[in-house]
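**Q** final38.cif is reproduced below (mmCIF, C-alpha atoms).
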```cif
data_coords
loop_
_atom_site.label_atom_id
_atom_site.label_comp_id
_atom_site.auth_asym_id
_atom_site.auth_seq_id
_atom_site.Cartn_x
_atom_site.Cartn_y
_atom_site.Cartn_z
CA MET A 969 118.83 175.78 75.85
CA GLN A 970 115.26 177.00 75.19
CA ILE A 971 113.83 179.26 77.88
CA GLU A 972 110.16 179.30 78.92
CA ASN A 973 107.99 181.81 77.00
CA ALA A 974 110.75 182.40 74.46
CA PRO A 975 109.97 185.20 71.96
CA THR A 976 108.46 183.79 68.77
CA LEU A 977 106.91 185.07 65.57
CA THR A 978 104.25 183.01 63.80
CA LEU A 979 103.27 183.83 60.24
CA LYS A 980 99.65 182.81 59.59
CA PRO A 981 98.44 182.28 56.01
CA PRO A 982 95.65 184.56 54.79
CA ASP A 983 92.10 183.40 55.37
CA ALA A 984 89.15 184.09 53.14
CA GLY A 985 88.68 187.86 53.15
CA SER A 986 91.51 188.54 55.67
CA PRO A 987 95.17 189.39 54.92
CA GLN A 988 98.19 187.45 56.01
CA SER A 989 98.91 188.04 59.71
CA VAL A 990 101.90 187.87 62.06
CA LEU A 991 101.35 186.67 65.64
CA ALA A 992 103.94 187.45 68.32
CA ASN A 993 104.17 185.38 71.52
CA GLY A 994 106.39 184.99 74.55
CA ILE A 995 108.58 187.43 76.47
CA TRP A 996 110.00 190.22 74.33
CA GLN A 997 112.46 191.62 76.84
CA VAL A 998 116.20 192.05 76.52
CA HIS A 999 117.13 189.10 78.75
CA ALA A 1000 114.94 186.74 76.72
CA LEU A 1001 116.06 188.12 73.36
CA ALA A 1002 119.69 187.59 74.32
CA GLN A 1003 119.26 183.89 75.06
CA CYS A 1004 120.48 181.27 72.57
CA GLY A 1005 120.79 183.67 69.67
CA ALA A 1006 117.06 184.43 69.63
CA ILE A 1007 117.56 188.03 68.56
CA LYS A 1008 119.45 186.96 65.41
CA THR A 1009 116.63 184.62 64.32
CA ILE A 1010 113.93 187.18 65.07
CA ASN A 1011 115.79 189.94 63.26
CA ALA A 1012 116.12 187.74 60.18
CA THR A 1013 112.35 187.08 60.27
CA LEU A 1014 111.51 190.76 60.73
CA VAL A 1015 113.78 191.76 57.83
CA SER A 1016 112.00 189.25 55.57
CA LEU A 1017 108.65 190.85 56.52
CA LYS A 1018 109.83 194.42 56.06
CA ASP A 1019 108.62 194.78 52.46
CA LYS A 1020 105.08 193.55 53.17
CA PRO A 1021 103.07 196.61 54.28
CA ASP A 1022 99.72 194.81 53.98
CA LEU A 1023 100.49 192.41 56.85
CA SER A 1024 98.28 192.29 59.92
CA TRP A 1025 100.25 192.39 63.21
CA ASP A 1026 98.94 190.94 66.47
CA LEU A 1027 101.08 191.68 69.55
CA SER A 1028 98.34 191.21 72.14
CA GLN A 1029 99.59 187.71 73.04
CA ILE A 1030 103.05 188.91 74.15
CA VAL A 1031 103.57 188.16 77.85
CA ARG A 1032 106.01 191.01 78.59
CA LEU A 1033 107.41 193.68 76.28
CA ASP A 1034 110.15 196.22 76.97
CA HIS A 1035 111.57 199.09 74.95
CA ILE A 1036 114.16 196.89 73.18
CA GLY A 1037 111.55 194.51 71.84
CA ALA A 1038 109.20 197.33 70.87
CA GLN A 1039 112.00 199.11 69.01
CA MET A 1040 112.66 195.93 66.98
CA PHE A 1041 109.04 195.95 65.81
CA TRP A 1042 109.16 199.68 65.15
CA ASN A 1043 112.24 199.37 62.94
CA ALA A 1044 110.69 196.47 61.04
CA TRP A 1045 107.57 198.62 60.39
CA GLY A 1046 109.66 201.36 58.82
CA LYS A 1047 109.23 203.64 61.87
CA LYS A 1048 105.46 203.96 61.43
CA ARG A 1049 102.48 201.94 62.57
CA PRO A 1050 101.15 199.36 60.15
CA ALA A 1051 97.61 199.75 58.88
CA GLN A 1052 96.40 196.71 60.81
CA LEU A 1053 97.87 196.43 64.30
CA GLN A 1054 96.45 194.84 67.41
CA LEU A 1055 98.04 195.81 70.73
CA ALA A 1056 97.37 195.17 74.40
CA GLU A 1057 96.42 198.14 76.56
CA LYS A 1058 99.85 198.38 78.25
CA GLN A 1059 101.67 198.16 74.91
CA GLU A 1060 99.80 201.15 73.50
CA GLU A 1061 101.58 203.61 75.79
CA LEU A 1062 105.01 202.13 75.02
CA PHE A 1063 104.56 202.43 71.26
CA LYS A 1064 103.13 205.91 71.67
CA ARG A 1065 106.35 207.05 73.38
CA ILE A 1066 108.48 205.50 70.62
CA GLU A 1067 106.31 207.17 67.97
CA GLU A 1068 106.71 210.58 69.61
CA ALA A 1069 110.47 210.13 69.95
CA SER A 1070 110.74 209.24 66.26
CA LYS A 1071 109.14 212.55 65.26
CA LEU A 1072 111.88 214.58 66.92
CA GLU A 1073 114.18 216.16 64.37
CA LEU A 1074 117.40 217.94 65.24
CA PRO A 1075 117.70 221.32 63.57
CA ARG A 1076 120.23 221.44 60.78
CA VAL A 1077 123.30 223.40 61.68
CA ARG A 1078 124.12 225.66 58.81
CA ALA A 1079 127.82 225.94 58.21
CA SER A 1080 128.95 229.53 58.13
CA ARG A 1081 131.24 230.76 55.40
CA PHE A 1082 133.26 232.58 58.01
CA ASN A 1083 134.11 229.53 60.12
CA TRP A 1084 137.74 229.71 58.99
CA VAL A 1085 137.88 233.34 60.13
CA MET A 1086 136.58 232.40 63.57
CA THR A 1087 138.98 229.46 63.79
CA LEU A 1088 141.90 231.68 62.81
CA GLY A 1089 140.86 234.33 65.32
CA ALA A 1090 140.49 231.78 68.11
CA GLY A 1091 143.92 230.39 67.29
CA MET A 1092 145.49 233.85 67.37
CA LEU A 1093 143.81 234.70 70.67
CA ASN A 1094 145.02 231.40 72.12
CA PHE A 1095 148.56 232.13 70.89
CA PHE A 1096 148.61 235.61 72.42
CA GLU A 1097 147.19 234.23 75.67
CA HIS A 1098 150.02 231.69 75.86
CA ALA A 1099 152.58 234.38 74.95
CA HIS A 1100 151.27 236.68 77.67
CA GLY A 1101 151.38 233.89 80.25
CA PHE A 1102 154.88 232.87 79.16
CA ILE A 1103 156.21 236.44 79.45
CA ARG A 1104 154.67 236.76 82.92
CA LEU A 1105 156.33 233.49 83.89
CA ILE A 1106 159.72 234.78 82.72
CA GLY A 1107 159.25 237.96 84.77
CA GLN A 1108 158.29 235.94 87.82
CA VAL A 1109 161.36 233.71 87.45
CA VAL A 1110 163.63 236.77 87.12
CA GLN A 1111 162.18 238.20 90.33
CA ASP A 1112 162.59 234.87 92.13
CA ILE A 1113 166.22 234.56 90.99
CA GLY A 1114 166.86 238.10 92.29
CA ARG A 1115 165.35 237.11 95.63
CA PHE A 1116 167.48 233.95 95.61
CA ILE A 1117 170.63 236.00 95.02
CA ARG A 1118 169.76 238.49 97.78
CA HIS A 1119 168.93 235.79 100.33
CA PRO A 1120 170.92 232.68 99.35
CA MET A 1121 170.78 231.11 102.82
CA THR A 1122 166.99 230.76 102.67
CA GLY A 1123 166.93 229.63 99.03
CA PRO A 1124 165.59 226.30 97.76
CA TRP A 1125 168.98 224.59 97.50
CA ARG A 1126 167.53 221.16 98.09
CA GLU A 1127 165.04 221.56 95.24
CA VAL A 1128 167.78 222.80 92.90
CA SER A 1129 170.01 219.87 93.82
CA ALA A 1130 167.19 217.34 93.35
CA ASN A 1131 166.30 218.76 89.92
CA ILE A 1132 169.95 218.69 88.82
CA PHE A 1133 170.07 215.02 89.80
CA HIS A 1134 166.80 214.08 88.04
CA SER A 1135 167.21 216.24 84.93
CA GLY A 1136 170.98 216.06 84.53
CA PHE A 1137 172.61 213.05 86.15
CA GLN A 1138 169.86 210.57 85.29
CA ALA A 1139 169.97 211.70 81.64
CA LEU A 1140 173.65 210.79 81.21
CA GLY A 1141 172.90 207.26 80.01
CA ILE A 1142 170.47 208.06 77.21
CA THR A 1143 172.45 211.09 76.00
CA ALA A 1144 175.67 209.02 75.92
CA LEU A 1145 174.05 206.22 73.94
CA VAL A 1146 172.33 208.46 71.40
CA GLY A 1147 175.37 210.75 71.10
CA PHE A 1148 177.70 207.81 70.45
CA LEU A 1149 175.42 206.35 67.79
CA ILE A 1150 174.95 209.73 66.08
CA GLY A 1151 178.73 210.15 65.99
CA VAL A 1152 179.15 206.70 64.43
CA VAL A 1153 176.49 207.32 61.79
CA LEU A 1154 177.72 210.83 60.90
CA SER A 1155 181.34 209.72 60.66
CA TYR A 1156 180.47 206.65 58.60
CA LEU A 1157 178.39 208.58 56.06
CA SER A 1158 180.89 211.44 55.81
CA ALA A 1159 183.79 209.01 55.35
CA GLN A 1160 182.06 207.36 52.41
CA GLN A 1161 181.72 210.69 50.60
CA LEU A 1162 185.17 212.03 51.51
CA ARG A 1163 186.87 208.86 50.27
CA MET A 1164 185.51 209.54 46.78
CA PHE A 1165 187.34 212.90 46.63
CA GLY A 1166 190.43 211.96 48.63
CA GLY A 1167 189.52 214.29 51.50
CA ASP A 1168 189.86 211.81 54.35
CA MET A 1169 191.72 214.30 56.54
CA TYR A 1170 188.73 216.66 56.56
CA LEU A 1171 186.56 214.19 58.44
CA VAL A 1172 187.77 215.73 61.72
CA ASN A 1173 186.64 219.18 60.56
CA ILE A 1174 183.19 218.01 59.50
CA LEU A 1175 182.59 215.89 62.58
CA GLY A 1176 183.99 218.43 65.05
CA MET A 1177 182.08 221.44 63.72
CA SER A 1178 178.77 219.62 63.25
CA VAL A 1179 178.83 217.91 66.66
CA ILE A 1180 180.24 220.66 68.87
CA ARG A 1181 178.45 223.60 67.31
CA GLU A 1182 175.07 222.13 66.28
CA LEU A 1183 174.30 218.46 66.86
CA GLY A 1184 175.56 218.16 70.44
CA PRO A 1185 173.50 220.99 71.97
CA LEU A 1186 170.45 220.27 69.82
CA LEU A 1187 170.49 216.53 70.46
CA ALA A 1188 170.90 216.96 74.22
CA ALA A 1189 168.10 219.55 74.29
CA ILE A 1190 165.66 217.35 72.37
CA LEU A 1191 166.37 214.37 74.65
CA VAL A 1192 165.99 216.50 77.78
CA ALA A 1193 162.78 218.07 76.44
CA GLY A 1194 161.28 214.64 75.82
CA ARG A 1195 162.54 213.13 79.07
CA SER A 1196 162.73 215.86 81.71
CA GLY A 1197 160.33 218.37 80.13
CA SER A 1198 157.46 215.90 80.12
CA SER A 1199 158.33 214.91 83.69
CA ILE A 1200 158.17 218.53 84.87
CA THR A 1201 154.82 219.13 83.16
CA ALA A 1202 153.35 215.89 84.50
CA GLN A 1203 154.61 216.65 88.02
CA LEU A 1204 152.97 220.09 88.09
CA GLY A 1205 149.84 218.68 86.44
CA VAL A 1206 149.47 215.96 89.06
CA MET A 1207 149.94 218.56 91.77
CA ARG A 1208 147.09 220.50 90.17
CA VAL A 1209 144.87 217.41 90.00
CA THR A 1210 145.57 216.49 93.64
CA GLU A 1211 145.16 220.16 94.72
CA GLU A 1212 148.68 220.35 96.12
CA LEU A 1213 149.22 223.68 94.33
CA ASP A 1214 146.17 225.13 96.06
CA ALA A 1215 147.42 223.82 99.39
CA MET A 1216 150.77 225.55 98.84
CA LEU A 1217 149.02 228.85 98.23
CA VAL A 1218 146.97 228.42 101.41
CA MET A 1219 150.20 227.78 103.33
CA GLY A 1220 151.77 230.91 101.80
CA ILE A 1221 154.37 229.01 99.73
CA SER A 1222 155.16 230.59 96.37
CA HIS A 1223 154.84 228.31 93.35
CA GLY A 1224 157.49 230.24 91.47
CA TYR A 1225 160.10 230.27 94.22
CA ARG A 1226 159.73 226.63 95.29
CA LEU A 1227 158.72 224.87 92.06
CA ILE A 1228 159.55 226.86 88.93
CA MET A 1229 162.75 228.73 89.74
CA PRO A 1230 164.63 225.63 91.03
CA LYS A 1231 163.81 223.77 87.78
CA VAL A 1232 164.98 226.67 85.61
CA VAL A 1233 168.23 227.05 87.57
CA ALA A 1234 168.83 223.29 87.60
CA LEU A 1235 168.44 222.91 83.83
CA ALA A 1236 170.54 226.05 83.21
CA ILE A 1237 173.34 224.36 85.18
CA SER A 1238 172.97 220.77 83.98
CA MET A 1239 172.30 221.38 80.27
CA PRO A 1240 175.81 222.78 79.44
CA LEU A 1241 177.32 219.79 81.23
CA LEU A 1242 175.08 217.44 79.25
CA VAL A 1243 176.15 219.21 76.05
CA VAL A 1244 179.83 218.59 76.87
CA TRP A 1245 179.02 214.96 77.73
CA THR A 1246 177.02 214.44 74.51
CA ASP A 1247 179.77 216.09 72.43
CA ALA A 1248 182.38 213.81 73.97
CA MET A 1249 180.34 210.65 73.33
CA ALA A 1250 179.56 211.70 69.74
CA LEU A 1251 183.25 212.43 69.05
CA ILE A 1252 184.25 209.08 70.53
CA GLY A 1253 181.73 207.36 68.25
CA GLY A 1254 183.10 209.34 65.31
CA MET A 1255 186.67 208.31 66.19
CA VAL A 1256 185.68 204.66 66.33
CA SER A 1257 183.96 204.88 62.95
CA ALA A 1258 186.89 206.85 61.43
CA LYS A 1259 189.30 204.19 62.61
CA VAL A 1260 187.24 201.45 60.99
CA GLU A 1261 186.40 203.28 57.74
CA LEU A 1262 189.46 205.49 57.06
CA ASN A 1263 192.03 203.97 59.44
CA LEU A 1264 192.46 207.34 61.18
CA SER A 1265 194.05 206.84 64.58
CA ALA A 1266 192.58 208.36 67.73
CA SER A 1267 195.78 210.32 68.35
CA TYR A 1268 195.53 211.98 64.91
CA PHE A 1269 191.85 212.73 65.53
CA LEU A 1270 192.54 214.39 68.91
CA GLN A 1271 195.54 216.25 67.51
CA LYS A 1272 193.59 217.78 64.63
CA LEU A 1273 190.39 218.53 66.58
CA PRO A 1274 191.55 221.77 68.33
CA ASP A 1275 192.75 223.22 65.02
CA ALA A 1276 189.59 222.19 63.18
CA VAL A 1277 187.18 223.59 65.77
CA PRO A 1278 187.98 227.06 67.18
CA LEU A 1279 187.37 227.73 70.87
CA SER A 1280 184.46 230.04 70.10
CA ASN A 1281 182.42 227.03 68.91
CA TYR A 1282 182.74 225.40 72.35
CA ILE A 1283 181.52 228.62 73.95
CA ILE A 1284 178.60 228.86 71.53
CA GLY A 1285 177.68 225.25 72.29
CA LEU A 1286 177.73 225.89 76.06
CA LEU A 1287 175.69 229.08 75.61
CA LYS A 1288 173.17 227.11 73.57
CA GLY A 1289 172.97 224.49 76.31
CA THR A 1290 172.19 227.08 78.98
CA THR A 1291 169.58 228.80 76.80
CA PHE A 1292 167.94 225.57 75.72
CA GLY A 1293 167.77 224.32 79.30
CA MET A 1294 166.06 227.48 80.55
CA LEU A 1295 163.60 227.45 77.64
CA ILE A 1296 162.71 223.79 78.22
CA ALA A 1297 162.10 224.41 81.93
CA LEU A 1298 160.01 227.54 81.28
CA VAL A 1299 157.86 225.91 78.60
CA SER A 1300 157.32 222.79 80.71
CA CYS A 1301 156.35 224.80 83.78
CA HIS A 1302 154.09 227.06 81.70
CA PHE A 1303 152.02 224.15 80.41
CA GLY A 1304 152.18 222.32 83.73
CA LEU A 1305 150.59 225.23 85.58
CA ARG A 1306 147.84 225.54 82.95
CA ILE A 1307 146.66 221.94 83.35
CA LYS A 1308 143.11 221.63 84.63
CA PRO A 1309 142.22 219.18 87.43
CA ASN A 1310 141.29 216.23 85.18
CA THR A 1311 143.24 213.39 83.60
CA GLU A 1312 142.38 214.34 80.01
CA SER A 1313 143.91 217.79 80.44
CA LEU A 1314 146.97 216.20 82.06
CA GLY A 1315 147.70 213.98 79.05
CA ARG A 1316 146.98 216.69 76.50
CA GLY A 1317 149.07 219.27 78.40
CA THR A 1318 152.06 216.94 78.68
CA THR A 1319 152.00 216.15 74.97
CA THR A 1320 151.66 219.83 74.03
CA SER A 1321 154.49 220.73 76.39
CA VAL A 1322 156.96 218.30 74.79
CA VAL A 1323 156.06 219.31 71.23
CA THR A 1324 156.25 223.03 72.06
CA ALA A 1325 159.55 222.67 73.93
CA ILE A 1326 161.19 220.86 70.99
CA THR A 1327 159.81 223.47 68.57
CA VAL A 1328 161.07 226.35 70.72
CA VAL A 1329 164.51 224.72 70.97
CA ILE A 1330 164.75 224.39 67.18
CA LEU A 1331 163.64 228.01 66.71
CA ALA A 1332 166.21 229.16 69.26
CA ASP A 1333 168.89 227.16 67.45
CA ALA A 1334 167.97 228.93 64.20
CA VAL A 1335 168.28 232.31 65.97
CA PHE A 1336 171.72 231.29 67.28
CA ALA A 1337 172.76 230.29 63.75
CA ILE A 1338 171.76 233.71 62.41
CA ILE A 1339 173.35 235.72 65.23
CA PHE A 1340 176.65 233.79 65.26
CA SER A 1341 176.83 233.17 61.51
CA GLY A 1342 180.20 234.90 61.25
CA VAL A 1343 181.73 233.52 64.45
CA GLY A 1344 183.84 230.38 64.86
CA PHE A 1345 184.91 229.72 61.26
#
```
Would you write the structure of this file as structure tokens?

**A**
Amino acid sequence: MQIENAPTLTLKPPDAGSPQSVLANGIWQVHALAQCGAIKTINATLVSLKDKPDLSWDLSQIVRLDHIGAQMFWNAWGKKRPAQLQLAEKQEELFKRIEEASKLELPRVRASRFNWVMTLGAGMLNFFEHAHGFIRLIGQVVQDIGRFIRHPMTGPWREVSANIFHSGFQALGITALVGFLIGVVLSYLSAQQLRMFGGDMYLVNILGMSVIRELGPLLAAILVAGRSGSSITAQLGVMRVTEELDAMLVMGISHGYRLIMPKVVALAISMPLLVVWTDAMALIGGMVSAKVELNLSASYFLQKLPDAVPLSNYIIGLLKGTTFGMLIALVSCHFGLRIKPNTESLGRGTTTSVVTAITVVILADAVFAIIFSGVGF
């Protein structure tokens, strides 16, 4: 559909003594240029005229011209006025503004050779800032737990119970599923190797030690860090965005006593139970796989398990669960309280919290492996 006063370009042949000229007519505004693909046709025409600097341009017949249309001409002229240009009085001011804007040049930013030093220093300062805040948070939680022990009747029992339910009970399904599958995979792969050397009976030793001492606590901690840790950080972050944390301070309610300490206590209680649950599911999966692969009965598996895995390994696994749970809660609360009142900070803080919690759990597991290297074998 052709609109009235559509933008057009007319190329006139050169007359005697005068160069070839281009005459522009119609409305050169964005709404007219967008109609019926007019801008594509005009752009093609302007590109074909770009390499002809001796052309004479006449824009005085244009009905209305806005910045978009003027910029199209300016780009076609190579960002400078042609030698022969005829403009209306109102158009002169518009092209003058475009010409002045084209002369602006941003200063070149010279890259410093010491940028890596500044980046390293900023990273170290950021690390020490987080370490200082984390140590303060631990001290605050210790004080709050002491207050809780001294005055148990006024303690946040309801918050502790709610966090045990959300972080512990609701995680039973995913930990059972993943634990069972890990047990099946580990038993299946170990059985294939043991069959080659006739060591089928040692499957119970390998599965029991690896699951109870290492995989069970670590697997439960990683799942809880991804599930409950992100939830804790997001909860505190949303409370920061909605100014609920500020309202609690105005009302004289301590963040640490009502928000942080209950989460730490709840995960310290529920994580060892989740470790036992994950161990049991992984061992059941291993028994199923051992029955299929090596025809080892469940009664033989359960009979050999106490001899293959000393009691100290169960205690180490429970101790790991308690430690991992407290670390996950502290890291999640630390990043949750540092979230700024905007949605971008909320998403970035939650992601950083999960990654840091998993990293801290793996580091703590390495420390446990070094400290208890001579125990339980």

**Q** Restricting the calculation to all atoms listed in the file: of A:Leu1242, A:Leu1262, A:Tyr1225, A:Val1256, which residue gets closest to Ile1113 (chain A)?

**A**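 The shortest atom-to-atom distance to Ile1113 (chain A) comes from A:Tyr1225.
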
**Q** When the PyMOL selection byres ((chain A and resi 1209-1212) around 8) is applied to the file above, which residues end up in the set, as a ChimeraX atom specification?

**A** /A:1205-1208,1213-1216,1308-1311

**Q** Quick one: apply the PyMOL selection byres ((chain A and resi 1259) around 12) to the file and drop the selected residues here as an NGL selection string.

**A** :A and (1152 or 1155-1156 or 1159 or 1168 or 1171-1172 or 1252-1258 or 1260-1269)

**Q** Could you tell me which residues the PyMOL selection byres ((chain A and resi 1276) around 12) grabs in this file, written as a list of chain:residue names?

**A**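 That selection, the PyMOL selection byres ((chain A and resi 1276) around 12), comes back as A:Met1169, A:Tyr1170, A:Leu1171, A:Val1172, A:Asn1173, A:Ile1174, A:Leu1175, A:Gly1176, A:Met1177, A:Ser1178, A:Ile1180, A:Arg1181, A:Tyr1268, A:Phe1269, A:Leu1270, A:Gln1271, A:Lys1272, A:Leu1273, A:Pro1274, A:Asp1275, A:Val1277, A:Pro1278, A:Leu1279, A:Ser1280, A:Asn1281, A:Tyr1282, A:Gly1344, A:Phe1345.
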
**Q** My list of candidates is A:Leu1251, A:Leu1017, A:Ala992, A:Ala1069. Which is closest to Ala1056 (chain A) when distances are computed with all atoms listed in the file?

**A**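 When distances to Ala1056 (chain A) are compared using all atoms listed in the file, the smallest one comes from A:Ala992.
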
**Q** Write out as a count of residues only each polymer residue whose atoms come within 9 Å of Thr1290 (chain A), counting all atoms listed in the file; drop sequence neighbours fewer than 4 positions from it.

**A** 10

**Q** What is the CA of Trp1245 (chain A)-CA of Gly1141 (chain A) distance in Å, reported with one decimal?

**A**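 These atoms are spaced 10.1 Å apart.
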
**Q** Give the answer as one residue: which of A:Asn1011, A:Gln1003, A:Ser989, A:Gln1039 has the shortest atom-to-atom distance to Ser1024 (chain A), using all atoms listed in the file?

**A**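 That would be A:Ser989, the residue with the smallest distance to Ser1024 (chain A).
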
**Q** Could you jot down the CA of Asp1022 (chain A) to CA of Pro1050 (chain A) separation for me, Å, one decimal place?

**A**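 Value for the CA of Asp1022 (chain A)-CA of Pro1050 (chain A) distance: 7.8 Å.
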
**Q** If I put a ball of radius 12 Å at (149.5, 212.2, 79.2) in the file's coordinates, which residues poke into it when counting all atoms listed in the file, written as a list in words?

**A** Ser1198, Ser1199, Thr1201, Ala1202, Gln1203, Gly1205, Val1206, Gly1304, Ile1307, Asn1310, Thr1311, Glu1312, Ser1313, Leu1314, Gly1315, Arg1316, Gly1317, Thr1318, Thr1319, Thr1320, Ser1321 and Val1322 of chain A

**Q** Could you please determine the separation between CA of Trp1084 (chain A) and CA of Leu1305 (chain A) in Å, to one decimal place?

**A**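 It comes out at 29.9 Å.
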
**Q** Tell me which of A:Ile1200, A:Leu1140, A:Leu1145, A:Ile1284 sits closest to Leu1241 (chain A), counting all atoms listed in the file.

**A**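 So, comparing all the options, the nearest one is A:Leu1140.
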
**Q** Because the input lacks atoms here, generate N, CA and C atoms for region 1086-1099 of chain A and report them as a CSV table (one decimal), in the coordinates of the input.

**A**
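Written file, part16.csv:
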```csv
chain,number,residue,atom,x,y,z
A,1086,MET,N,136.7,232.6,62.1
A,1086,MET,CA,136.6,232.4,63.6
A,1086,MET,C,137.6,231.4,64.1
A,1087,THR,N,137.9,230.4,63.3
A,1087,THR,CA,139.0,229.5,63.8
A,1087,THR,C,140.3,230.1,63.8
A,1088,LEU,N,140.6,230.9,62.8
A,1088,LEU,CA,141.9,231.7,62.8
A,1088,LEU,C,142.0,232.7,64.0
A,1089,GLY,N,140.9,233.4,64.2
A,1089,GLY,CA,140.9,234.3,65.3
A,1089,GLY,C,141.0,233.7,66.7
A,1090,ALA,N,140.3,232.5,66.8
A,1090,ALA,CA,140.5,231.8,68.1
A,1090,ALA,C,141.9,231.3,68.3
A,1091,GLY,N,142.5,230.8,67.2
A,1091,GLY,CA,143.9,230.4,67.3
A,1091,GLY,C,144.9,231.5,67.6
A,1092,MET,N,144.6,232.7,67.1
A,1092,MET,CA,145.5,233.8,67.4
A,1092,MET,C,145.3,234.3,68.8
A,1093,LEU,N,144.1,234.3,69.3
A,1093,LEU,CA,143.8,234.7,70.7
A,1093,LEU,C,144.5,233.7,71.6
A,1094,ASN,N,144.4,232.4,71.3
A,1094,ASN,CA,145.0,231.4,72.1
A,1094,ASN,C,146.5,231.6,72.1
A,1095,PHE,N,147.1,231.9,71.0
A,1095,PHE,CA,148.6,232.1,70.9
A,1095,PHE,C,149.0,233.3,71.8
A,1096,PHE,N,148.2,234.4,71.6
A,1096,PHE,CA,148.6,235.6,72.4
A,1096,PHE,C,148.4,235.4,73.9
A,1097,GLU,N,147.4,234.6,74.3
A,1097,GLU,CA,147.2,234.2,75.7
A,1097,GLU,C,148.4,233.4,76.2
A,1098,HIS,N,148.8,232.5,75.4
A,1098,HIS,CA,150.0,231.7,75.9
A,1098,HIS,C,151.3,232.6,75.9
A,1099,ALA,N,151.4,233.5,74.9
A,1099,ALA,CA,152.6,234.4,75.0
A,1099,ALA,C,152.6,235.3,76.2
```
